[in-house]
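Engineer: Handing over upload_32.txt, compact mmCIF, C-alpha atoms and all ligand atoms.
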# COMPACT_ATOMS: atom_id res chain seq x y z
CA MET L 21 47.73 131.83 182.76
CA ASN L 22 45.57 130.33 180.01
CA ARG L 23 48.28 130.36 177.35
CA LEU L 24 46.94 126.93 176.28
CA LYS L 25 43.23 127.54 176.87
CA ASN L 26 41.04 125.15 174.81
CA LYS L 27 44.05 123.04 173.77
CA VAL L 28 44.44 119.30 174.29
CA ALA L 29 47.90 117.78 174.74
CA ILE L 30 49.53 114.37 175.04
CA VAL L 31 52.83 114.37 176.95
CA THR L 32 54.85 111.14 177.06
CA GLY L 33 57.39 110.14 179.71
CA ALA L 34 55.41 112.17 182.24
CA ALA L 35 56.04 110.10 185.39
CA GLY L 36 58.79 112.50 186.47
CA GLY L 37 61.55 114.80 185.23
CA MET L 38 60.84 117.09 182.29
CA GLY L 39 57.68 115.25 181.19
CA ALA L 40 55.96 115.82 184.54
CA ALA L 41 57.04 119.48 184.53
CA GLU L 42 55.71 119.98 180.98
CA ALA L 43 52.41 118.16 181.60
CA LYS L 44 51.70 120.09 184.82
CA LEU L 45 52.65 123.46 183.34
CA PHE L 46 50.46 122.86 180.28
CA ALA L 47 47.49 121.99 182.52
CA GLU L 48 48.15 125.06 184.68
CA GLU L 49 48.02 127.11 181.47
CA GLY L 50 44.55 125.82 180.65
CA ALA L 51 45.23 122.72 178.51
CA LYS L 52 43.55 119.38 178.98
CA VAL L 53 46.45 116.97 179.31
CA MET L 54 46.87 113.24 178.80
CA ALA L 55 50.05 112.35 180.69
CA THR L 56 51.55 108.98 179.77
CA ASP L 57 54.47 106.80 180.85
CA ASN L 58 55.34 103.11 180.97
CA ARG L 59 55.78 103.39 184.77
CA GLU L 60 52.39 103.72 186.44
CA THR L 61 53.00 104.32 190.15
CA LYS L 62 54.71 107.71 190.10
CA LEU L 63 52.59 108.93 187.19
CA LYS L 64 49.30 108.00 188.84
CA ALA L 65 50.25 109.59 192.17
CA TRP L 66 51.12 113.04 190.87
CA VAL L 67 48.37 113.21 188.22
CA GLN L 68 45.75 112.29 190.82
CA ALA L 69 47.10 115.04 193.09
CA ALA L 70 47.03 117.53 190.21
CA LYS L 71 43.43 116.58 189.40
CA ALA L 72 42.49 117.05 193.04
CA ASP L 73 43.95 120.57 192.70
CA GLY L 74 41.55 121.22 189.80
CA LEU L 75 43.82 120.63 186.81
CA GLN L 76 42.22 118.94 183.77
CA MET L 77 44.40 115.88 183.42
CA GLU L 78 44.26 112.15 182.89
CA TYR L 79 47.01 109.59 182.88
CA ALA L 80 47.56 106.40 180.92
CA VAL L 81 50.17 103.65 180.95
CA HIS L 82 51.81 103.62 177.58
CA ASP L 83 54.87 102.04 175.98
CA ILE L 84 55.84 104.46 173.21
CA THR L 85 57.54 101.68 171.23
CA ASN L 86 54.18 99.91 170.81
CA ASN L 87 52.10 101.10 167.86
CA GLU L 88 48.87 99.67 169.29
CA ASP L 89 49.45 101.54 172.57
CA TRP L 90 49.58 104.78 170.58
CA LYS L 91 46.21 104.04 168.97
CA THR L 92 44.69 103.32 172.40
CA ILE L 93 46.12 106.50 173.96
CA ILE L 94 44.88 108.67 171.11
CA SER L 95 41.36 107.13 171.25
CA LYS L 96 41.29 107.67 175.01
CA THR L 97 42.37 111.29 174.58
CA ILE L 98 39.73 111.97 171.93
CA SER L 99 36.97 110.28 173.92
CA LEU L 100 37.86 112.22 177.10
CA PHE L 101 38.86 115.59 175.67
CA GLY L 102 37.35 115.63 172.15
CA LYS L 103 40.44 116.46 170.05
CA LEU L 104 44.23 116.72 169.98
CA ASP L 105 46.30 119.89 169.40
CA ILE L 106 49.70 119.20 170.97
CA LEU L 107 52.02 116.20 171.15
CA VAL L 108 55.16 116.25 173.30
CA ASN L 109 57.40 113.29 172.54
CA ASN L 110 59.37 113.53 175.75
CA ALA L 111 59.89 109.89 176.84
CA GLY L 112 63.42 108.66 176.36
CA ILE L 113 66.24 106.62 177.82
CA TYR L 114 69.92 107.36 178.36
CA PRO L 115 72.10 104.24 178.43
CA GLY L 116 75.15 105.97 179.92
CA PHE L 117 78.16 106.88 177.82
CA THR L 118 79.04 104.13 175.36
CA ASP L 119 81.13 104.90 172.30
CA CYS L 120 80.55 103.20 168.95
CA GLU L 121 83.08 100.44 169.68
CA GLN L 122 81.50 99.59 173.04
CA THR L 123 77.90 99.73 171.83
CA THR L 124 76.35 96.30 171.37
CA LYS L 125 73.73 95.72 168.70
CA GLU L 126 71.19 95.07 171.50
CA LEU L 127 71.94 98.40 173.19
CA TRP L 128 71.80 100.24 169.85
CA ASP L 129 68.41 98.65 168.98
CA LYS L 130 66.96 99.45 172.41
CA VAL L 131 67.98 103.13 172.40
CA ILE L 132 66.85 103.69 168.80
CA ALA L 133 63.56 101.84 169.51
CA VAL L 134 62.63 104.17 172.38
CA ASN L 135 64.22 107.52 171.51
CA LEU L 136 63.67 107.51 167.77
CA THR L 137 61.09 104.88 166.74
CA GLY L 138 58.88 105.60 169.78
CA SER L 139 58.73 109.30 168.91
CA PHE L 140 58.22 108.48 165.22
CA LEU L 141 55.20 106.33 166.13
CA GLY L 142 53.86 109.23 168.18
CA CYS L 143 54.15 111.61 165.24
CA LYS L 144 52.81 109.09 162.73
CA ASN L 145 49.71 108.30 164.80
CA CYS L 146 49.00 111.84 166.03
CA ILE L 147 49.46 113.73 162.74
CA PRO L 148 46.14 112.56 161.18
CA VAL L 149 44.26 113.46 164.37
CA ILE L 150 45.92 116.88 164.70
CA LYS L 151 45.31 117.47 160.98
CA LYS L 152 41.62 116.72 161.40
CA ASN L 153 41.55 119.37 164.08
CA GLY L 154 42.92 122.05 161.75
CA GLY L 155 46.54 121.89 162.92
CA GLY L 156 48.65 121.97 166.04
CA SER L 157 52.13 121.65 167.48
CA ILE L 158 54.51 118.70 167.83
CA ILE L 159 57.42 119.08 170.23
CA ASN L 160 60.17 116.48 170.20
CA ILE L 161 62.53 116.44 173.15
CA ALA L 162 65.90 115.76 171.54
CA SER L 163 69.23 116.76 173.12
CA ILE L 164 72.43 118.65 172.38
CA ALA L 165 73.76 115.10 171.96
CA GLY L 166 71.91 115.20 168.62
CA LEU L 167 73.91 118.27 167.56
CA VAL L 168 77.49 117.64 168.71
CA GLY L 169 79.50 114.44 169.04
CA GLY L 170 81.01 112.85 172.12
CA ASN L 171 77.86 111.92 174.02
CA GLY L 172 77.61 108.22 173.17
CA ALA L 173 76.88 106.54 169.84
CA ALA L 174 73.32 105.24 170.11
CA TYR L 175 72.00 108.14 172.21
CA SER L 176 73.50 110.78 169.88
CA ALA L 177 72.26 108.98 166.77
CA SER L 178 68.77 108.65 168.22
CA LYS L 179 68.56 112.35 169.09
CA GLY L 180 70.14 113.49 165.81
CA GLY L 181 67.59 111.33 163.97
CA LEU L 182 64.79 112.86 166.04
CA ILE L 183 65.89 116.37 165.06
CA MET L 184 65.77 115.44 161.36
CA LEU L 185 62.39 113.69 161.78
CA THR L 186 61.15 116.95 163.31
CA LYS L 187 62.38 119.00 160.35
CA ASP L 188 60.86 116.59 157.85
CA ILE L 189 57.48 116.82 159.58
CA ALA L 190 57.74 120.62 159.75
CA VAL L 191 58.36 120.89 156.02
CA THR L 192 55.82 118.27 154.95
CA PHE L 193 52.92 119.23 157.17
CA ALA L 194 53.17 123.03 157.22
CA LYS L 195 50.37 122.98 154.62
CA ASP L 196 48.18 121.29 157.28
CA ASN L 197 49.01 123.98 159.84
CA ILE L 198 51.09 121.51 161.86
CA ARG L 199 54.27 122.89 163.40
CA ALA L 200 57.08 120.63 164.63
CA ASN L 201 60.06 121.73 166.69
CA ALA L 202 62.77 119.98 168.66
CA ILE L 203 64.05 121.08 172.04
CA CYS L 204 67.72 120.28 172.62
CA PRO L 205 68.50 120.45 176.33
CA GLY L 206 71.96 120.23 177.81
CA GLY L 207 72.28 118.56 181.21
CA VAL L 208 69.04 118.66 183.22
CA LEU L 209 68.55 117.52 186.82
CA THR L 210 65.95 114.73 186.54
CA PRO L 211 65.62 111.08 187.61
CA MET L 212 67.59 110.25 184.43
CA THR L 213 70.68 112.08 185.69
CA GLU L 214 70.34 111.99 189.48
CA ASP L 215 72.45 108.85 189.91
CA LEU L 216 74.97 109.82 187.24
CA ILE L 217 75.83 113.08 188.97
CA LYS L 218 76.51 111.33 192.31
CA ALA L 219 79.59 109.61 190.82
CA PRO L 220 83.01 110.82 192.03
CA GLY L 221 84.36 113.75 190.02
CA MET L 222 80.97 114.71 188.61
CA ASP L 223 80.92 118.12 190.36
CA GLU L 224 83.87 119.17 188.25
CA ILE L 225 82.35 117.66 185.07
CA VAL L 226 79.07 119.54 185.64
CA LYS L 227 81.00 122.79 186.20
CA ASN L 228 82.76 122.33 182.86
CA MET L 229 79.65 121.19 180.98
CA SER L 230 78.64 124.72 180.01
CA PRO L 231 79.68 128.34 180.55
CA GLN L 232 76.92 128.62 183.17
CA GLY L 233 78.59 125.75 185.05
CA ARG L 234 75.39 124.09 186.20
CA MET L 235 72.60 121.80 185.06
CA ALA L 236 69.09 123.01 184.24
CA ASN L 237 66.05 122.34 186.35
CA PRO L 238 63.13 120.70 184.47
CA MET L 239 61.05 123.90 184.52
CA GLU L 240 63.67 125.66 182.40
CA ILE L 241 62.81 123.16 179.65
CA ALA L 242 59.06 123.08 180.35
CA TRP L 243 58.74 126.85 179.82
CA ALA L 244 60.27 126.44 176.36
CA ALA L 245 57.87 123.58 175.60
CA LEU L 246 54.99 125.83 176.69
CA TYR L 247 56.09 128.51 174.22
CA LEU L 248 56.33 125.96 171.39
CA ALA L 249 52.94 124.48 172.30
CA SER L 250 51.21 127.87 172.38
CA ASP L 251 50.15 130.08 169.48
CA GLU L 252 52.86 132.54 170.57
CA SER L 253 55.30 130.44 168.51
CA SER L 254 53.05 130.40 165.41
CA PHE L 255 55.89 131.27 162.98
CA MET L 256 58.33 128.78 164.49
CA THR L 257 58.61 125.36 162.88
CA GLY L 258 61.42 123.00 161.93
CA ALA L 259 63.70 124.53 164.54
CA GLU L 260 65.93 123.04 167.17
CA MET L 261 65.70 125.11 170.32
CA VAL L 262 68.96 124.74 172.25
CA ILE L 263 68.66 125.18 176.03
CA ASP L 264 72.06 124.30 177.45
CA GLY L 265 73.59 127.12 179.49
CA GLY L 266 75.77 127.93 176.48
CA ALA L 267 77.36 124.48 176.11
CA VAL L 268 77.29 124.24 172.31
CA ALA L 269 78.07 127.93 171.84
CA ARG L 270 81.74 127.23 172.64
N1 LIG K 301 68.14 114.84 181.77
C1 LIG K 301 68.95 115.29 180.83
O1 LIG K 301 70.09 115.74 181.12
C2 LIG K 301 68.52 115.32 179.40
C3 LIG K 301 69.25 116.10 178.50
C4 LIG K 301 68.84 116.17 177.17
C5 LIG K 301 67.72 115.48 176.75
N2 LIG K 301 67.04 114.72 177.64
C6 LIG K 301 65.84 114.03 177.14
O2 LIG K 301 64.71 114.57 177.80
C7 LIG K 301 63.66 113.59 177.85
C8 LIG K 301 63.14 113.50 179.27
O3 LIG K 301 64.18 112.99 180.09
P1 LIG K 301 64.30 113.20 181.67
O4 LIG K 301 65.65 113.70 181.90
O5 LIG K 301 63.12 113.93 182.19
O6 LIG K 301 64.34 111.68 182.11
P2 LIG K 301 63.40 110.78 183.02
O7 LIG K 301 64.07 109.46 183.07
O8 LIG K 301 63.06 111.47 184.27
O9 LIG K 301 62.08 110.72 182.13
C9 LIG K 301 61.91 109.90 181.02
C10 LIG K 301 60.60 109.17 181.18
O10 LIG K 301 60.40 108.37 180.01
C11 LIG K 301 59.78 107.18 180.42
N3 LIG K 301 59.99 106.12 179.43
C12 LIG K 301 61.16 105.50 179.11
N4 LIG K 301 60.94 104.58 178.17
C13 LIG K 301 59.60 104.63 177.88
C14 LIG K 301 58.76 103.91 176.99
N5 LIG K 301 59.24 102.93 176.20
N6 LIG K 301 57.44 104.22 176.95
C15 LIG K 301 56.94 105.19 177.74
N7 LIG K 301 57.68 105.90 178.61
C16 LIG K 301 59.00 105.62 178.67
C17 LIG K 301 60.45 106.83 181.76
O11 LIG K 301 59.67 105.95 182.54
C18 LIG K 301 60.60 108.21 182.38
O12 LIG K 301 59.53 108.54 183.26
C19 LIG K 301 64.28 112.30 177.32
O13 LIG K 301 63.90 112.13 175.97
C20 LIG K 301 65.78 112.55 177.42
O14 LIG K 301 66.51 111.80 176.49
C21 LIG K 301 67.41 114.62 178.94
How would this structure read if it were set down as structure tokens?
Structural biologist:
Amino acid sequence: MNRLKNKVAIVTGAAGGMGAAEAKLFAEEGAKVMATDNRETKLKAWVQAAKADGLQMEYAVHDITNNEDWKTIISKTISLFGKLDILVNNAGIYPGFTDCEQTTKELWDKVIAVNLTGSFLGCKNCIPVIKKNGGGSIINIASIAGLVGGNGAAYSASKGGLIMLTKDIAVTFAKDNIRANAICPGGVLTPMTEDLIKAPGMDEIVKNMSPQGRMANPMEIAWAALYLASDESSFMTGAEMVIDGGAVAR
């Protein structure tokens, strides 16, 4: 408990899946958390329940691709909680597997806009605020699709770009005591994947996805995000933390 005492965090894409797990865990560990998503209903319901349980949280509707939305969210966070220490760029979309030949320009633009530009806007707008506070931690939720090929053109490019954005921030802003790390999950059971895994033949595909032969649950990613958000990871920056049941070790 209290691994994030006196810290303030923004977590995007927090209506469900990994974002909800990260936001709730951070609040349970003492952080004040602004949970955001572009879908209000689910977000509002669970954050209100968490607040009723005594967690220090607020929620806000937020499209990460909109620069003005970022300014509003940051102002709201500062006015409610006084500062910002931690940003988790978790929101993202998966368009299903489409190789380069099948990928339309529209699909490419959409995936890059959310997964890469949205997270870039988060970093760009939060860095000055975190800097003012004497430093902090940025955690970008990438994917093993950003490390190895064969997971779809736009999605892989967006996550590979996010990993390099993370490294650039780590190198550039170390002098400001800002750390930036990427988490690269393999398959995780979340609303993003729940329909995909119902398709015929998916049991076998999941078994072969990694040596562990299963998908992760969102908490297995949230615990890693907690470590990266906390001062326990103070010498860790510019890294990609792979959490994939051994998938890319083969
Ligand atoms: N589930 C997996 O297998 C897996 C694997 C590797 C990486 N990831 C990444 O992990 C992150 C979390 O994914 P998840 O599996 O929890 O999926 P999810 O679909 O449950 O959560 C993603 C959230 O992002 C929100 N979102 C989408 N576009 C947005 C926008 N423009 N503005 C604000 N919010 C937006 C969605 O509403 C959703 O609540 C994503 O970046 C995803 O690419 C997922």
Engineer: Taking only residues of chain L that have an atom at most 6 Å from an atom of ligand LIG 301 (chain K), what is each one's shortest atom pair and its distance in Å to one decimal, using only C-alpha atoms and all ligand atoms, in chain and number order, as a tab-separated table?
Structural biologist:
residue	atom	partner	partner_atom	distance
L:Gly33	CA	K:LIG301	O10	3.5
L:Ala34	CA	K:LIG301	O12	5.6
L:Ala35	CA	K:LIG301	O12	4.4
L:Gly36	CA	K:LIG301	O8	4.9
L:Gly37	CA	K:LIG301	O5	3.5
L:Met38	CA	K:LIG301	O5	3.9
L:Gly39	CA	K:LIG301	O5	5.7
L:Asp57	CA	K:LIG301	N7	4.0
L:Asn58	CA	K:LIG301	C15	4.2
L:Arg59	CA	K:LIG301	O11	5.2
L:His82	CA	K:LIG301	C15	5.4
L:Asp83	CA	K:LIG301	N6	3.5
L:Ile84	CA	K:LIG301	N6	4.1
L:Thr85	CA	K:LIG301	N5	5.4
L:Asn110	CA	K:LIG301	O13	4.7
L:Ala111	CA	K:LIG301	O10	3.6
L:Gly112	CA	K:LIG301	O13	3.5
L:Ile113	CA	K:LIG301	O14	5.4
L:Tyr114	CA	K:LIG301	O14	5.9
L:Val134	CA	K:LIG301	N5	5.3
L:Ile161	CA	K:LIG301	O13	5.3
L:Ala162	CA	K:LIG301	C5	5.5
L:Ser163	CA	K:LIG301	C4	4.1
L:Pro205	CA	K:LIG301	C4	4.4
L:Gly206	CA	K:LIG301	C3	5.0
L:Gly207	CA	K:LIG301	O1	3.6
L:Val208	CA	K:LIG301	O1	3.7
L:Leu209	CA	K:LIG301	N1	5.7
L:Thr210	CA	K:LIG301	O4	4.8
L:Pro211	CA	K:LIG301	O8	4.2
L:Met212	CA	K:LIG301	O7	3.9
L:Thr213	CA	K:LIG301	N1	5.4
Engineer: Fewer than 2 positions away in the same chain doesn't count, so skip those; otherwise give me all residues within 9 Å of Lys64 (chain L), counting only C-alpha atoms, as JSON, numbers by chain.
Structural biologist: {"L": [35, 59, 60, 61, 62, 66, 67, 68, 69, 78, 79, 80]}
Engineer: Could you work out how far CA of Asn86 (chain L) lies from CA of Leu45 (chain L), giving the answer in Å with one decimal?
Structural biologist: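 The value is 26.7 Å.
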Engineer: With distances taken over all atoms listed in the file, which residue among L:Lys103, L:Lys125, L:Lys91, L:Lys44 lies nearest Ala174 (chain L)?
Structural biologist: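 The closest residue to Ala174 (chain L) is L:Lys125.
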Engineer: Starting from the point (56.0, 104.3, 163.0), work out which residues of protein, DNA or RNA have an atom no more than 12 Å away when counting all atoms listed in the file; state them as a VMD selection string.
Structural biologist: chain L and resid 84 to 91 133 to 134 136 to 147 185
Engineer: Of the residues L:Gly265, L:Gly258, L:Gly74, L:Pro115, which is the one nearest to Asn201 (chain L), using only C-alpha atoms?
Structural biologist: L:Gly258
Engineer: Please report the interatomic distance between CA of Thr123 (chain L) and CA of Val168 (chain L) in Å with one decimal.
Structural biologist: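 That distance, rounded to one decimal, is 18.2 Å.
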Engineer: Return the single residue from L:Ala249, L:Ala65, L:Ile164, L:Ile150 that is closest to Ala51 (chain L), with distances computed using only C-alpha atoms.
Structural biologist: L:Ala249
Engineer: Residues at most 9 Å from Lys187 (chain L), counting all atoms listed in the file, excluding those fewer than 3 positions away in the same chain, as a list of chain:residue names?
Structural biologist: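 Answer for this query is L:Leu182, L:Ile183, L:Met184, L:Ala190, L:Val191, L:Thr192, L:Ala200, L:Asn201, L:Ala202, L:Thr257, L:Gly258, L:Ala259, L:Glu260.
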Engineer: Rank nothing, just name the residue among L:Met235, L:Ile225, L:Val268, L:Ala245 nearest to Arg23 (chain L), using only C-alpha atoms.
Structural biologist: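 Closest candidate: L:Ala245.
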Engineer: Centre and edge lengths of an axis-aligned box around all listed atoms of region 25-38 of chain L, with 4 Å added on each side, are to be given in Å to one decimal, as JSON.
Structural biologist:
{"center_x": 51.3, "center_y": 118.8, "center_z": 180.1, "size_x": 28.5, "size_y": 25.4, "size_z": 20.7}
Engineer: For each of L:Arg234, L:Asp73, L:Asp129, L:Lys152, take the minimum atom-to-atom distance to Leu104 (chain L), counting only C-alpha atoms, then give the residue where this is smallest.
Structural biologist: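 Checking each candidate against Leu104 (chain L), we get L:Lys152 as the closest.
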Engineer: Counting all atoms listed in the file, figure out which residue out of L:Asp188, L:Leu246, L:Ala173, L:Phe255 gets nearest to Glu121 (chain L).
Structural biologist: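 Answer, going by the shortest atom-to-atom distance: L:Ala173.
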Engineer: Could you jot down the CA of Trp128 (chain L) to CA of Gly116 (chain L) separation for me, Å, one decimal place?
Structural biologist: 12.1 Å
Engineer: Which polymer residues have any atom within 12 Å of an atom of Gly102 (chain L), counting all atoms listed in the file, with same-chain residues fewer than 2 positions away left out, as a CSV table (one decimal) with C-alpha atoms, keeping the file's coordinate frame?
Structural biologist:
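Output saved as result.csv:
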chain,number,residue,atom,x,y,z
L,26,ASN,CA,41.0,125.2,174.8
L,27,LYS,CA,44.0,123.0,173.8
L,28,VAL,CA,44.4,119.3,174.3
L,29,ALA,CA,47.9,117.8,174.7
L,52,LYS,CA,43.6,119.4,179.0
L,53,VAL,CA,46.4,117.0,179.3
L,54,MET,CA,46.9,113.2,178.8
L,94,ILE,CA,44.9,108.7,171.1
L,95,SER,CA,41.4,107.1,171.2
L,96,LYS,CA,41.3,107.7,175.0
L,97,THR,CA,42.4,111.3,174.6
L,98,ILE,CA,39.7,112.0,171.9
L,99,SER,CA,37.0,110.3,173.9
L,100,LEU,CA,37.9,112.2,177.1
L,104,LEU,CA,44.2,116.7,170.0
L,105,ASP,CA,46.3,119.9,169.4
L,149,VAL,CA,44.3,113.5,164.4
L,150,ILE,CA,45.9,116.9,164.7
L,152,LYS,CA,41.6,116.7,161.4
L,153,ASN,CA,41.6,119.4,164.1
